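File shown: data.cif. Contents: mmCIF, N, CA and C atoms.
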```cif
data_data
#
loop_
_atom_site.label_atom_id
_atom_site.label_comp_id
_atom_site.auth_asym_id
_atom_site.auth_seq_id
_atom_site.Cartn_x
_atom_site.Cartn_y
_atom_site.Cartn_z
N MET A 868 148.58 48.92 139.50
CA MET A 868 148.94 49.20 138.12
C MET A 868 149.87 48.08 137.62
N THR A 869 149.83 47.89 136.32
CA THR A 869 150.63 46.85 135.69
C THR A 869 151.56 47.50 134.66
N LYS A 870 152.81 47.13 134.69
CA LYS A 870 153.77 47.67 133.74
C LYS A 870 153.77 46.80 132.49
N VAL A 871 153.68 47.44 131.32
CA VAL A 871 153.66 46.74 130.05
C VAL A 871 154.68 47.36 129.10
N LYS A 872 154.99 46.61 128.04
CA LYS A 872 155.92 47.08 127.01
C LYS A 872 155.23 46.99 125.66
N ALA A 873 155.27 48.06 124.89
CA ALA A 873 154.61 48.11 123.58
C ALA A 873 155.33 47.20 122.59
N ILE A 874 154.54 46.35 121.92
CA ILE A 874 155.08 45.47 120.88
C ILE A 874 155.17 46.22 119.56
N SER A 875 154.21 47.12 119.35
CA SER A 875 154.20 47.96 118.16
C SER A 875 153.71 49.35 118.58
N SER A 876 153.85 50.32 117.71
CA SER A 876 153.41 51.68 118.01
C SER A 876 151.89 51.77 117.91
N PHE A 877 151.28 52.54 118.81
CA PHE A 877 149.83 52.75 118.81
C PHE A 877 149.51 53.95 119.67
N GLU A 878 148.24 54.35 119.66
CA GLU A 878 147.76 55.46 120.47
C GLU A 878 146.98 54.92 121.67
N HIS A 879 147.36 55.33 122.87
CA HIS A 879 146.63 54.99 124.09
C HIS A 879 147.01 56.04 125.12
N HIS A 880 146.14 57.01 125.32
CA HIS A 880 146.46 58.15 126.19
C HIS A 880 147.78 58.79 125.74
N GLY A 881 147.87 59.02 124.45
CA GLY A 881 149.09 59.55 123.86
C GLY A 881 149.77 58.49 123.03
N ARG A 882 150.77 58.88 122.29
CA ARG A 882 151.49 57.95 121.41
C ARG A 882 152.36 57.01 122.23
N ARG A 883 152.28 55.73 121.91
CA ARG A 883 153.12 54.70 122.54
C ARG A 883 153.96 54.08 121.43
N ASP A 884 155.26 54.33 121.48
CA ASP A 884 156.16 53.79 120.46
C ASP A 884 156.58 52.38 120.82
N ARG A 885 156.98 51.63 119.80
CA ARG A 885 157.44 50.26 120.00
C ARG A 885 158.57 50.25 121.02
N GLY A 886 158.45 49.36 122.00
CA GLY A 886 159.47 49.24 123.04
C GLY A 886 159.23 50.13 124.25
N ALA A 887 158.26 51.03 124.16
CA ALA A 887 157.97 51.92 125.29
C ALA A 887 157.40 51.13 126.46
N GLU A 888 157.85 51.43 127.66
CA GLU A 888 157.34 50.80 128.86
C GLU A 888 156.48 51.81 129.59
N PHE A 889 155.29 51.39 130.03
CA PHE A 889 154.38 52.28 130.74
C PHE A 889 153.45 51.48 131.61
N GLU A 890 152.75 52.16 132.51
CA GLU A 890 151.84 51.50 133.44
C GLU A 890 150.39 51.78 133.06
N VAL A 891 149.58 50.74 133.18
CA VAL A 891 148.14 50.83 132.96
C VAL A 891 147.45 49.98 134.01
N THR A 892 146.14 50.10 134.10
CA THR A 892 145.40 49.25 135.04
C THR A 892 145.50 47.81 134.55
N PRO A 893 145.31 46.86 135.44
CA PRO A 893 145.36 45.46 135.01
C PRO A 893 144.35 45.15 133.91
N GLN A 894 143.17 45.79 133.96
CA GLN A 894 142.16 45.56 132.93
C GLN A 894 142.63 46.08 131.58
N HIS A 895 143.23 47.28 131.56
CA HIS A 895 143.76 47.82 130.31
C HIS A 895 144.91 46.96 129.79
N ALA A 896 145.75 46.50 130.70
CA ALA A 896 146.87 45.64 130.28
C ALA A 896 146.35 44.39 129.59
N ASP A 897 145.31 43.80 130.16
CA ASP A 897 144.72 42.60 129.57
C ASP A 897 144.14 42.89 128.19
N LEU A 898 143.38 43.98 128.07
CA LEU A 898 142.78 44.34 126.78
C LEU A 898 143.85 44.64 125.72
N LEU A 899 144.88 45.40 126.11
CA LEU A 899 145.94 45.74 125.16
C LEU A 899 146.72 44.49 124.74
N GLU A 900 146.93 43.58 125.69
CA GLU A 900 147.64 42.34 125.38
C GLU A 900 146.82 41.47 124.43
N LYS A 901 145.50 41.38 124.67
CA LYS A 901 144.63 40.59 123.79
C LYS A 901 144.62 41.14 122.37
N ARG A 902 144.82 42.43 122.23
CA ARG A 902 144.85 43.06 120.90
C ARG A 902 146.24 42.98 120.26
N GLY A 903 147.18 42.38 120.99
CA GLY A 903 148.52 42.19 120.44
C GLY A 903 149.36 43.46 120.43
N LEU A 904 149.04 44.41 121.29
CA LEU A 904 149.75 45.68 121.29
C LEU A 904 150.87 45.75 122.33
N VAL A 905 150.72 45.01 123.42
CA VAL A 905 151.71 45.06 124.50
C VAL A 905 151.98 43.66 125.03
N LYS A 906 153.06 43.56 125.80
CA LYS A 906 153.32 42.36 126.57
C LYS A 906 153.60 42.81 128.00
N PRO A 907 153.11 42.06 128.98
CA PRO A 907 153.33 42.46 130.38
C PRO A 907 154.80 42.29 130.74
N MET A 908 155.28 43.18 131.57
CA MET A 908 156.65 43.07 132.07
C MET A 908 156.63 42.08 133.23
N THR A 909 157.61 41.24 133.36
CA THR A 909 157.65 40.20 134.39
C THR A 909 157.62 40.83 135.77
N GLY A 910 156.67 40.37 136.60
CA GLY A 910 156.56 40.88 137.97
C GLY A 910 156.24 42.34 138.04
N ALA A 911 155.44 42.84 137.13
CA ALA A 911 155.26 44.28 137.00
C ALA A 911 153.99 44.83 137.62
N VAL A 912 153.30 44.05 138.44
CA VAL A 912 152.13 44.60 139.11
C VAL A 912 152.65 45.50 140.23
N THR A 913 152.33 46.79 140.13
CA THR A 913 152.91 47.73 141.09
C THR A 913 151.97 48.09 142.21
N ASP A 914 150.64 48.13 141.96
CA ASP A 914 149.71 48.51 143.01
C ASP A 914 148.29 48.19 142.59
N SER A 915 148.03 46.96 142.23
CA SER A 915 146.71 46.61 141.69
C SER A 915 145.64 46.53 142.75
N GLY A 916 146.01 46.49 144.01
CA GLY A 916 145.02 46.30 145.05
C GLY A 916 144.42 47.56 145.63
N SER A 917 144.88 48.73 145.24
CA SER A 917 144.38 49.93 145.88
C SER A 917 143.01 50.32 145.34
N LYS A 918 142.18 50.88 146.22
CA LYS A 918 140.83 51.31 145.82
C LYS A 918 140.89 52.45 144.82
N LYS A 919 141.90 53.29 144.93
CA LYS A 919 142.05 54.41 144.01
C LYS A 919 142.25 53.90 142.59
N ASP A 920 143.07 52.86 142.41
CA ASP A 920 143.29 52.29 141.09
C ASP A 920 142.03 51.63 140.55
N ALA A 921 141.29 50.95 141.41
CA ALA A 921 140.05 50.31 140.97
C ALA A 921 139.04 51.35 140.52
N ALA A 922 138.94 52.44 141.26
CA ALA A 922 138.02 53.51 140.87
C ALA A 922 138.46 54.14 139.56
N ALA A 923 139.78 54.29 139.39
CA ALA A 923 140.29 54.86 138.15
C ALA A 923 139.99 53.94 136.97
N ALA A 924 140.07 52.62 137.19
CA ALA A 924 139.75 51.67 136.13
C ALA A 924 138.29 51.78 135.73
N GLY A 925 137.42 51.91 136.72
CA GLY A 925 136.00 52.07 136.43
C GLY A 925 135.71 53.37 135.71
N ALA A 926 136.34 54.45 136.15
CA ALA A 926 136.14 55.75 135.52
C ALA A 926 136.68 55.74 134.09
N SER A 927 137.82 55.12 133.86
CA SER A 927 138.37 55.10 132.50
C SER A 927 137.52 54.25 131.57
N LEU A 928 136.79 53.28 132.13
CA LEU A 928 135.92 52.45 131.32
C LEU A 928 134.80 53.27 130.69
N VAL A 929 134.27 54.24 131.41
CA VAL A 929 133.17 55.06 130.89
C VAL A 929 133.66 56.39 130.32
N ASP A 930 134.95 56.57 130.23
CA ASP A 930 135.53 57.81 129.70
C ASP A 930 135.84 57.63 128.21
N GLN A 931 134.89 57.07 127.48
CA GLN A 931 135.00 56.83 126.05
C GLN A 931 133.65 57.15 125.43
N ASN A 932 133.59 57.11 124.10
CA ASN A 932 132.28 57.29 123.49
C ASN A 932 131.41 56.08 123.83
N ALA A 933 130.11 56.21 123.63
CA ALA A 933 129.17 55.18 124.08
C ALA A 933 129.44 53.81 123.46
N SER A 934 129.71 53.75 122.16
CA SER A 934 129.91 52.45 121.52
C SER A 934 131.18 51.77 122.04
N ALA A 935 132.25 52.53 122.24
CA ALA A 935 133.49 51.96 122.78
C ALA A 935 133.29 51.51 124.23
N THR A 936 132.52 52.29 124.98
CA THR A 936 132.23 51.93 126.37
C THR A 936 131.44 50.64 126.43
N LEU A 937 130.41 50.51 125.59
CA LEU A 937 129.60 49.30 125.58
C LEU A 937 130.43 48.08 125.21
N ALA A 938 131.34 48.23 124.25
CA ALA A 938 132.20 47.12 123.86
C ALA A 938 133.15 46.75 125.00
N ALA A 939 133.68 47.75 125.70
CA ALA A 939 134.60 47.49 126.80
C ALA A 939 133.89 46.83 127.98
N ILE A 940 132.65 47.22 128.24
CA ILE A 940 131.88 46.64 129.35
C ILE A 940 131.72 45.13 129.14
N ALA A 941 131.51 44.73 127.91
CA ALA A 941 131.32 43.31 127.61
C ALA A 941 132.55 42.47 127.93
N LYS A 942 133.72 43.09 128.01
CA LYS A 942 134.97 42.37 128.25
C LYS A 942 135.38 42.36 129.72
N VAL A 943 134.65 43.08 130.58
CA VAL A 943 135.00 43.18 132.00
C VAL A 943 134.08 42.29 132.81
N SER A 944 134.65 41.49 133.71
CA SER A 944 133.83 40.61 134.54
C SER A 944 134.01 40.90 136.03
N GLU A 945 134.88 41.83 136.37
CA GLU A 945 135.14 42.17 137.77
C GLU A 945 134.05 43.11 138.28
N VAL A 946 133.28 42.65 139.26
CA VAL A 946 132.14 43.40 139.77
C VAL A 946 132.56 44.76 140.31
N GLY A 947 133.68 44.83 141.00
CA GLY A 947 134.15 46.09 141.57
C GLY A 947 134.42 47.15 140.51
N THR A 948 135.06 46.74 139.43
CA THR A 948 135.34 47.66 138.33
C THR A 948 134.05 48.12 137.68
N LEU A 949 133.12 47.19 137.48
CA LEU A 949 131.83 47.54 136.89
C LEU A 949 131.05 48.49 137.78
N ALA A 950 131.08 48.24 139.10
CA ALA A 950 130.38 49.11 140.04
C ALA A 950 131.00 50.51 140.06
N ASP A 951 132.33 50.58 140.00
CA ASP A 951 133.01 51.88 139.95
C ASP A 951 132.67 52.62 138.65
N ALA A 952 132.57 51.87 137.56
CA ALA A 952 132.19 52.48 136.29
C ALA A 952 130.77 53.01 136.34
N LEU A 953 129.88 52.25 136.96
CA LEU A 953 128.49 52.70 137.09
C LEU A 953 128.42 53.97 137.93
N ALA A 954 129.16 54.00 139.04
CA ALA A 954 129.18 55.20 139.88
C ALA A 954 129.73 56.40 139.12
N ALA A 955 130.78 56.18 138.32
CA ALA A 955 131.37 57.27 137.55
C ALA A 955 130.40 57.78 136.49
N GLU A 956 129.67 56.88 135.85
CA GLU A 956 128.69 57.29 134.84
C GLU A 956 127.54 58.05 135.49
N GLN A 957 127.04 57.55 136.60
CA GLN A 957 125.94 58.22 137.29
C GLN A 957 126.35 59.58 137.83
N ALA A 958 127.62 59.74 138.15
CA ALA A 958 128.12 61.02 138.66
C ALA A 958 128.09 62.11 137.59
N LYS A 959 127.90 61.72 136.34
CA LYS A 959 127.82 62.70 135.26
C LYS A 959 126.51 63.47 135.27
N GLY A 960 125.57 63.03 136.11
CA GLY A 960 124.30 63.73 136.25
C GLY A 960 123.49 63.68 134.97
N ASP A 961 123.10 64.82 134.45
CA ASP A 961 122.28 64.90 133.24
C ASP A 961 123.00 64.37 132.00
N ARG A 962 124.31 64.32 132.05
CA ARG A 962 125.09 63.84 130.90
C ARG A 962 125.29 62.32 130.92
N ALA A 963 124.80 61.65 131.95
CA ALA A 963 124.92 60.19 132.05
C ALA A 963 124.14 59.54 130.90
N ARG A 964 124.74 58.52 130.31
CA ARG A 964 124.13 57.85 129.16
C ARG A 964 123.32 56.65 129.62
N LYS A 965 122.04 56.65 129.26
CA LYS A 965 121.11 55.61 129.69
C LYS A 965 121.57 54.23 129.22
N SER A 966 122.04 54.14 127.98
CA SER A 966 122.46 52.84 127.44
C SER A 966 123.66 52.28 128.21
N VAL A 967 124.56 53.16 128.63
CA VAL A 967 125.74 52.72 129.38
C VAL A 967 125.33 52.27 130.78
N ILE A 968 124.44 53.02 131.41
CA ILE A 968 123.96 52.63 132.75
C ILE A 968 123.25 51.29 132.70
N GLU A 969 122.42 51.09 131.68
CA GLU A 969 121.71 49.80 131.54
C GLU A 969 122.69 48.66 131.31
N ALA A 970 123.70 48.88 130.46
CA ALA A 970 124.69 47.84 130.18
C ALA A 970 125.50 47.50 131.42
N LEU A 971 125.88 48.53 132.19
CA LEU A 971 126.64 48.28 133.41
C LEU A 971 125.80 47.54 134.45
N THR A 972 124.55 47.92 134.59
CA THR A 972 123.67 47.25 135.54
C THR A 972 123.50 45.78 135.16
N ALA A 973 123.32 45.50 133.88
CA ALA A 973 123.18 44.12 133.42
C ALA A 973 124.48 43.34 133.61
N ALA A 974 125.62 43.97 133.34
CA ALA A 974 126.91 43.29 133.50
C ALA A 974 127.19 42.97 134.97
N ILE A 975 126.81 43.89 135.87
CA ILE A 975 127.00 43.63 137.30
C ILE A 975 126.13 42.46 137.73
N ALA A 976 124.89 42.45 137.28
CA ALA A 976 123.99 41.34 137.63
C ALA A 976 124.52 40.01 137.10
N ALA A 977 125.05 40.02 135.89
CA ALA A 977 125.58 38.78 135.30
C ALA A 977 126.87 38.32 135.96
N ALA A 978 127.67 39.25 136.46
CA ALA A 978 128.97 38.90 137.06
C ALA A 978 128.84 38.42 138.49
N GLN A 979 127.74 38.72 139.14
CA GLN A 979 127.58 38.29 140.53
C GLN A 979 127.22 36.81 140.57
N PRO A 980 127.76 36.11 141.57
CA PRO A 980 127.50 34.67 141.67
C PRO A 980 126.01 34.41 141.91
N GLN A 981 125.50 33.38 141.25
CA GLN A 981 124.10 33.00 141.40
C GLN A 981 123.95 32.17 142.66
N VAL A 982 122.94 32.47 143.45
CA VAL A 982 122.70 31.73 144.70
C VAL A 982 121.50 30.84 144.57
#
```

Rewrite the coordinates I just gave you, this time as structure tokens.
Amino acid sequence: MTKVKAISSFEHHGRRDRGAEFEVTPQHADLLEKRGLVKPMTGAVTDSGSKKDAAAAGASLVDQNASATLAAIAKVSEVGTLADALAAEQAKGDRARKSVIEALTAAIAAAQPQV
């Protein structure tokens, strides 16, 4: 997890007021920083290497509506996160979204090194 500080107030898993410090996955930290909402705290990576966090990042990627999920998939290049997201989407069974599964499969193929 990465600790960040809100630059302005916004909604992200609840209200985040300006100056609030909180932890998010490294992928979320990067996305929030690119949108100008947060700045990373110096030396604030707390546990980015654990498999549980990686799985949570993948699950949170597909825990949005389809259009937001598709937009988020386009910004992720880490194969592990994409694979975890695909597993989380497929675990939904009959509720799994075909467009999301196709986008994740394509993103995984594109992110893998060409031999």

Fill in: For atom C of Gln894 of chain A and atom CA of Gly960 of chain A, the interatomic separation in Å (one decimal)
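Computing the Euclidean distance for atom C of Gln894 of chain A and atom CA of Gly960 of chain A yields 25.9 Å.
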
Worksheet item: Applied to this file, what does the PyMOL selection byres (((chain A and resi 944-954 and name CA) around 9) and name CA) return in terms of residues, put as a list in words?
Response: Gln894, Ala921, Ala922, Ala923, Ala924, Gly925, Ala926, Ser927, Leu928, Val929, Ile940, Ala941, Lys942, Val943, Ala955, Glu956, Gln957, Ala958, Lys959, Val967, Ile968, Leu971, Thr972, Ala974, Ile975, Ala976, Ala977, Ala978 and Gln979 of chain A

Using only N, CA and C atoms, please write the residues we just selected to a file, as an mmCIF file, in the coordinates of the input.
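Listed below is the output, part-v5.cif:
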```
data_model
loop_
_atom_site.group_PDB
_atom_site.id
_atom_site.type_symbol
_atom_site.label_atom_id
_atom_site.label_comp_id
_atom_site.auth_asym_id
_atom_site.auth_seq_id
_atom_site.Cartn_x
_atom_site.Cartn_y
_atom_site.Cartn_z
ATOM 1 N N GLN A 894 143.170 45.790 133.960
ATOM 2 C CA GLN A 894 142.160 45.560 132.930
ATOM 3 C C GLN A 894 142.630 46.080 131.580
ATOM 4 N N ALA A 921 141.290 50.950 141.410
ATOM 5 C CA ALA A 921 140.050 50.310 140.970
ATOM 6 C C ALA A 921 139.040 51.350 140.520
ATOM 7 N N ALA A 922 138.940 52.440 141.260
ATOM 8 C CA ALA A 922 138.020 53.510 140.870
ATOM 9 C C ALA A 922 138.460 54.140 139.560
ATOM 10 N N ALA A 923 139.780 54.290 139.390
ATOM 11 C CA ALA A 923 140.290 54.860 138.150
ATOM 12 C C ALA A 923 139.990 53.940 136.970
ATOM 13 N N ALA A 924 140.070 52.620 137.190
ATOM 14 C CA ALA A 924 139.750 51.670 136.130
ATOM 15 C C ALA A 924 138.290 51.780 135.730
ATOM 16 N N GLY A 925 137.420 51.910 136.720
ATOM 17 C CA GLY A 925 136.000 52.070 136.430
ATOM 18 C C GLY A 925 135.710 53.370 135.710
ATOM 19 N N ALA A 926 136.340 54.450 136.150
ATOM 20 C CA ALA A 926 136.140 55.750 135.520
ATOM 21 C C ALA A 926 136.680 55.740 134.090
ATOM 22 N N SER A 927 137.820 55.120 133.860
ATOM 23 C CA SER A 927 138.370 55.100 132.500
ATOM 24 C C SER A 927 137.520 54.250 131.570
ATOM 25 N N LEU A 928 136.790 53.280 132.130
ATOM 26 C CA LEU A 928 135.920 52.450 131.320
ATOM 27 C C LEU A 928 134.800 53.270 130.690
ATOM 28 N N VAL A 929 134.270 54.240 131.410
ATOM 29 C CA VAL A 929 133.170 55.060 130.890
ATOM 30 C C VAL A 929 133.660 56.390 130.320
ATOM 31 N N ILE A 940 132.650 47.220 128.240
ATOM 32 C CA ILE A 940 131.880 46.640 129.350
ATOM 33 C C ILE A 940 131.720 45.130 129.140
ATOM 34 N N ALA A 941 131.510 44.730 127.910
ATOM 35 C CA ALA A 941 131.320 43.310 127.610
ATOM 36 C C ALA A 941 132.550 42.470 127.930
ATOM 37 N N LYS A 942 133.720 43.090 128.010
ATOM 38 C CA LYS A 942 134.970 42.370 128.250
ATOM 39 C C LYS A 942 135.380 42.360 129.720
ATOM 40 N N VAL A 943 134.650 43.080 130.580
ATOM 41 C CA VAL A 943 135.000 43.180 132.000
ATOM 42 C C VAL A 943 134.080 42.290 132.810
ATOM 43 N N ALA A 955 130.780 56.180 138.320
ATOM 44 C CA ALA A 955 131.370 57.270 137.550
ATOM 45 C C ALA A 955 130.400 57.780 136.490
ATOM 46 N N GLU A 956 129.670 56.880 135.850
ATOM 47 C CA GLU A 956 128.690 57.290 134.840
ATOM 48 C C GLU A 956 127.540 58.050 135.490
ATOM 49 N N GLN A 957 127.040 57.550 136.600
ATOM 50 C CA GLN A 957 125.940 58.220 137.290
ATOM 51 C C GLN A 957 126.350 59.580 137.830
ATOM 52 N N ALA A 958 127.620 59.740 138.150
ATOM 53 C CA ALA A 958 128.120 61.020 138.660
ATOM 54 C C ALA A 958 128.090 62.110 137.590
ATOM 55 N N LYS A 959 127.900 61.720 136.340
ATOM 56 C CA LYS A 959 127.820 62.700 135.260
ATOM 57 C C LYS A 959 126.510 63.470 135.270
ATOM 58 N N VAL A 967 124.560 53.160 128.630
ATOM 59 C CA VAL A 967 125.740 52.720 129.380
ATOM 60 C C VAL A 967 125.330 52.270 130.780
ATOM 61 N N ILE A 968 124.440 53.020 131.410
ATOM 62 C CA ILE A 968 123.960 52.630 132.750
ATOM 63 C C ILE A 968 123.250 51.290 132.700
ATOM 64 N N LEU A 971 125.880 48.530 132.190
ATOM 65 C CA LEU A 971 126.640 48.280 133.410
ATOM 66 C C LEU A 971 125.800 47.540 134.450
ATOM 67 N N THR A 972 124.550 47.920 134.590
ATOM 68 C CA THR A 972 123.670 47.250 135.540
ATOM 69 C C THR A 972 123.500 45.780 135.160
ATOM 70 N N ALA A 974 125.620 43.970 133.340
ATOM 71 C CA ALA A 974 126.910 43.290 133.500
ATOM 72 C C ALA A 974 127.190 42.970 134.970
ATOM 73 N N ILE A 975 126.810 43.890 135.870
ATOM 74 C CA ILE A 975 127.000 43.630 137.300
ATOM 75 C C ILE A 975 126.130 42.460 137.730
ATOM 76 N N ALA A 976 124.890 42.450 137.280
ATOM 77 C CA ALA A 976 123.990 41.340 137.630
ATOM 78 C C ALA A 976 124.520 40.010 137.100
ATOM 79 N N ALA A 977 125.050 40.020 135.890
ATOM 80 C CA ALA A 977 125.580 38.780 135.300
ATOM 81 C C ALA A 977 126.870 38.320 135.960
ATOM 82 N N ALA A 978 127.670 39.250 136.460
ATOM 83 C CA ALA A 978 128.970 38.900 137.060
ATOM 84 C C ALA A 978 128.840 38.420 138.490
ATOM 85 N N GLN A 979 127.740 38.720 139.140
ATOM 86 C CA GLN A 979 127.580 38.290 140.530
ATOM 87 C C GLN A 979 127.220 36.810 140.570
#
```

Fill in: Straight-line distance linking atom CA of Glu969 of chain A with atom N of Ala896 of chain A, stated in Å to one decimal
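Interatomic distance, atom CA of Glu969 of chain A to atom N of Ala896 of chain A: 24.3 Å.
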
Discussion item. Can you tell me which residues surround Ser876 of chain A at a distance of at most 12 Å, considering only C-alpha atoms, apart from same-chain residues fewer than 6 positions away, and format the answer as a list in words?
Written reply: Arg882, Arg883, Asp884, Arg885, Gly886, Ala887, Glu888, Leu899, Gly903, Leu904 and Val905 of chain A

Practice prompt. Find the residue from A:Thr869, A:Ile874, A:Ser966, A:Glu890 that sits nearest to Leu937 of chain A; use all atoms listed in the file when measuring.
Written response: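 Ranking A:Thr869, A:Ile874, A:Ser966, A:Glu890 by distance to Leu937 of chain A, first place goes to A:Ser966.
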
Worksheet entry | All helix (DSSP H, G or I) positions in chain A, as a PyMOL selection string | chain A and resi 893-901+918-928+933-940+946-957+960-962+965-978

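The space between atom N of Met908 of chain A and atom N of Ser875 of chain A spans 12.9 Å.
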
Kindly list the centre and edge lengths in Å, rounded to one decimal, for the axis-aligned box that covers all listed atoms of segment 971-976 of chain A plus 5 Å on each of its six sides, as JSON.
```
{"center_x": 125.2, "center_y": 44.3, "center_z": 135.0, "size_x": 14.0, "size_y": 18.5, "size_z": 15.5}
```

Discussion item. With DSSP run on the backbone, what are the strand (DSSP E or B) residues within chain A? I'd like them as a list in words.
Written reply: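 Put together, the selection reads Thr869, Lys870, Val871, Lys872, Ala873, Phe877, Glu878, Arg882, Arg883, Glu888, Phe889, Glu890, Val891, Val905, Lys906, Pro907, Met908, Thr909, Gly910, Ala911 and Val912 of chain A.
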
Worksheet item: With distances taken over only C-alpha atoms, which of A:Arg962, A:His879, A:Ala933, A:Pro980 is nearest to Val891 of chain A?
Response: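 Closest candidate: A:His879.
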
Discussion item. I need the residue nearest Met868 of chain A from this list: A:Ala970, A:Glu900, A:Pro893, A:Asn932. Use only N, CA and C atoms for the distance.
Written reply: A:Pro893

Can you patch up segment 941-958 of chain A, filling it in to N, CA, C and O atoms, and show the result as a PDB file, in the frame of the given file?
```pdb
ATOM      1  N   ALA A 941     131.510  44.730 127.910  1.00  0.00           N
ATOM      2  CA  ALA A 941     131.320  43.310 127.610  1.00  0.00           C
ATOM      3  C   ALA A 941     132.550  42.470 127.930  1.00  0.00           C
ATOM      4  O   ALA A 941     132.456  41.267 128.147  1.00  0.00           O
ATOM      5  N   LYS A 942     133.720  43.090 128.010  1.00  0.00           N
ATOM      6  CA  LYS A 942     134.970  42.370 128.250  1.00  0.00           C
ATOM      7  C   LYS A 942     135.380  42.360 129.720  1.00  0.00           C
ATOM      8  O   LYS A 942     136.363  41.726 130.076  1.00  0.00           O
ATOM      9  N   VAL A 943     134.650  43.080 130.580  1.00  0.00           N
ATOM     10  CA  VAL A 943     135.000  43.180 132.000  1.00  0.00           C
ATOM     11  C   VAL A 943     134.080  42.290 132.810  1.00  0.00           C
ATOM     12  O   VAL A 943     132.861  42.332 132.639  1.00  0.00           O
ATOM     13  N   SER A 944     134.650  41.490 133.710  1.00  0.00           N
ATOM     14  CA  SER A 944     133.830  40.610 134.540  1.00  0.00           C
ATOM     15  C   SER A 944     134.010  40.900 136.030  1.00  0.00           C
ATOM     16  O   SER A 944     133.356  40.286 136.854  1.00  0.00           O
ATOM     17  N   GLU A 945     134.880  41.830 136.370  1.00  0.00           N
ATOM     18  CA  GLU A 945     135.140  42.170 137.770  1.00  0.00           C
ATOM     19  C   GLU A 945     134.050  43.110 138.280  1.00  0.00           C
ATOM     20  O   GLU A 945     133.887  44.224 137.778  1.00  0.00           O
ATOM     21  N   VAL A 946     133.280  42.650 139.260  1.00  0.00           N
ATOM     22  CA  VAL A 946     132.140  43.400 139.770  1.00  0.00           C
ATOM     23  C   VAL A 946     132.560  44.760 140.310  1.00  0.00           C
ATOM     24  O   VAL A 946     131.877  45.763 140.090  1.00  0.00           O
ATOM     25  N   GLY A 947     133.680  44.830 141.000  1.00  0.00           N
ATOM     26  CA  GLY A 947     134.150  46.090 141.570  1.00  0.00           C
ATOM     27  C   GLY A 947     134.420  47.150 140.510  1.00  0.00           C
ATOM     28  O   GLY A 947     134.030  48.307 140.657  1.00  0.00           O
ATOM     29  N   THR A 948     135.060  46.740 139.430  1.00  0.00           N
ATOM     30  CA  THR A 948     135.340  47.660 138.330  1.00  0.00           C
ATOM     31  C   THR A 948     134.050  48.120 137.680  1.00  0.00           C
ATOM     32  O   THR A 948     133.867  49.309 137.386  1.00  0.00           O
ATOM     33  N   LEU A 949     133.120  47.190 137.480  1.00  0.00           N
ATOM     34  CA  LEU A 949     131.830  47.540 136.890  1.00  0.00           C
ATOM     35  C   LEU A 949     131.050  48.490 137.780  1.00  0.00           C
ATOM     36  O   LEU A 949     130.444  49.450 137.308  1.00  0.00           O
ATOM     37  N   ALA A 950     131.080  48.240 139.100  1.00  0.00           N
ATOM     38  CA  ALA A 950     130.380  49.110 140.040  1.00  0.00           C
ATOM     39  C   ALA A 950     131.000  50.510 140.060  1.00  0.00           C
ATOM     40  O   ALA A 950     130.275  51.519 140.105  1.00  0.00           O
ATOM     41  N   ASP A 951     132.330  50.580 140.000  1.00  0.00           N
ATOM     42  CA  ASP A 951     133.010  51.880 139.950  1.00  0.00           C
ATOM     43  C   ASP A 951     132.670  52.620 138.650  1.00  0.00           C
ATOM     44  O   ASP A 951     132.491  53.833 138.652  1.00  0.00           O
ATOM     45  N   ALA A 952     132.570  51.870 137.560  1.00  0.00           N
ATOM     46  CA  ALA A 952     132.190  52.480 136.290  1.00  0.00           C
ATOM     47  C   ALA A 952     130.770  53.010 136.340  1.00  0.00           C
ATOM     48  O   ALA A 952     130.489  54.116 135.850  1.00  0.00           O
ATOM     49  N   LEU A 953     129.880  52.250 136.960  1.00  0.00           N
ATOM     50  CA  LEU A 953     128.490  52.700 137.090  1.00  0.00           C
ATOM     51  C   LEU A 953     128.420  53.970 137.930  1.00  0.00           C
ATOM     52  O   LEU A 953     127.724  54.928 137.570  1.00  0.00           O
ATOM     53  N   ALA A 954     129.160  54.000 139.040  1.00  0.00           N
ATOM     54  CA  ALA A 954     129.180  55.200 139.880  1.00  0.00           C
ATOM     55  C   ALA A 954     129.730  56.400 139.120  1.00  0.00           C
ATOM     56  O   ALA A 954     129.211  57.513 139.225  1.00  0.00           O
ATOM     57  N   ALA A 955     130.780  56.180 138.320  1.00  0.00           N
ATOM     58  CA  ALA A 955     131.370  57.270 137.550  1.00  0.00           C
ATOM     59  C   ALA A 955     130.400  57.780 136.490  1.00  0.00           C
ATOM     60  O   ALA A 955     130.296  58.991 136.256  1.00  0.00           O
ATOM     61  N   GLU A 956     129.670  56.880 135.850  1.00  0.00           N
ATOM     62  CA  GLU A 956     128.690  57.290 134.840  1.00  0.00           C
ATOM     63  C   GLU A 956     127.540  58.050 135.490  1.00  0.00           C
ATOM     64  O   GLU A 956     127.119  59.083 134.990  1.00  0.00           O
ATOM     65  N   GLN A 957     127.040  57.550 136.600  1.00  0.00           N
ATOM     66  CA  GLN A 957     125.940  58.220 137.290  1.00  0.00           C
ATOM     67  C   GLN A 957     126.350  59.580 137.830  1.00  0.00           C
ATOM     68  O   GLN A 957     125.524  60.484 137.929  1.00  0.00           O
ATOM     69  N   ALA A 958     127.620  59.740 138.150  1.00  0.00           N
ATOM     70  CA  ALA A 958     128.120  61.020 138.660  1.00  0.00           C
ATOM     71  C   ALA A 958     128.090  62.110 137.590  1.00  0.00           C
ATOM     72  O   ALA A 958     128.205  63.295 137.906  1.00  0.00           O
TER      73      ALA A 958
END
```
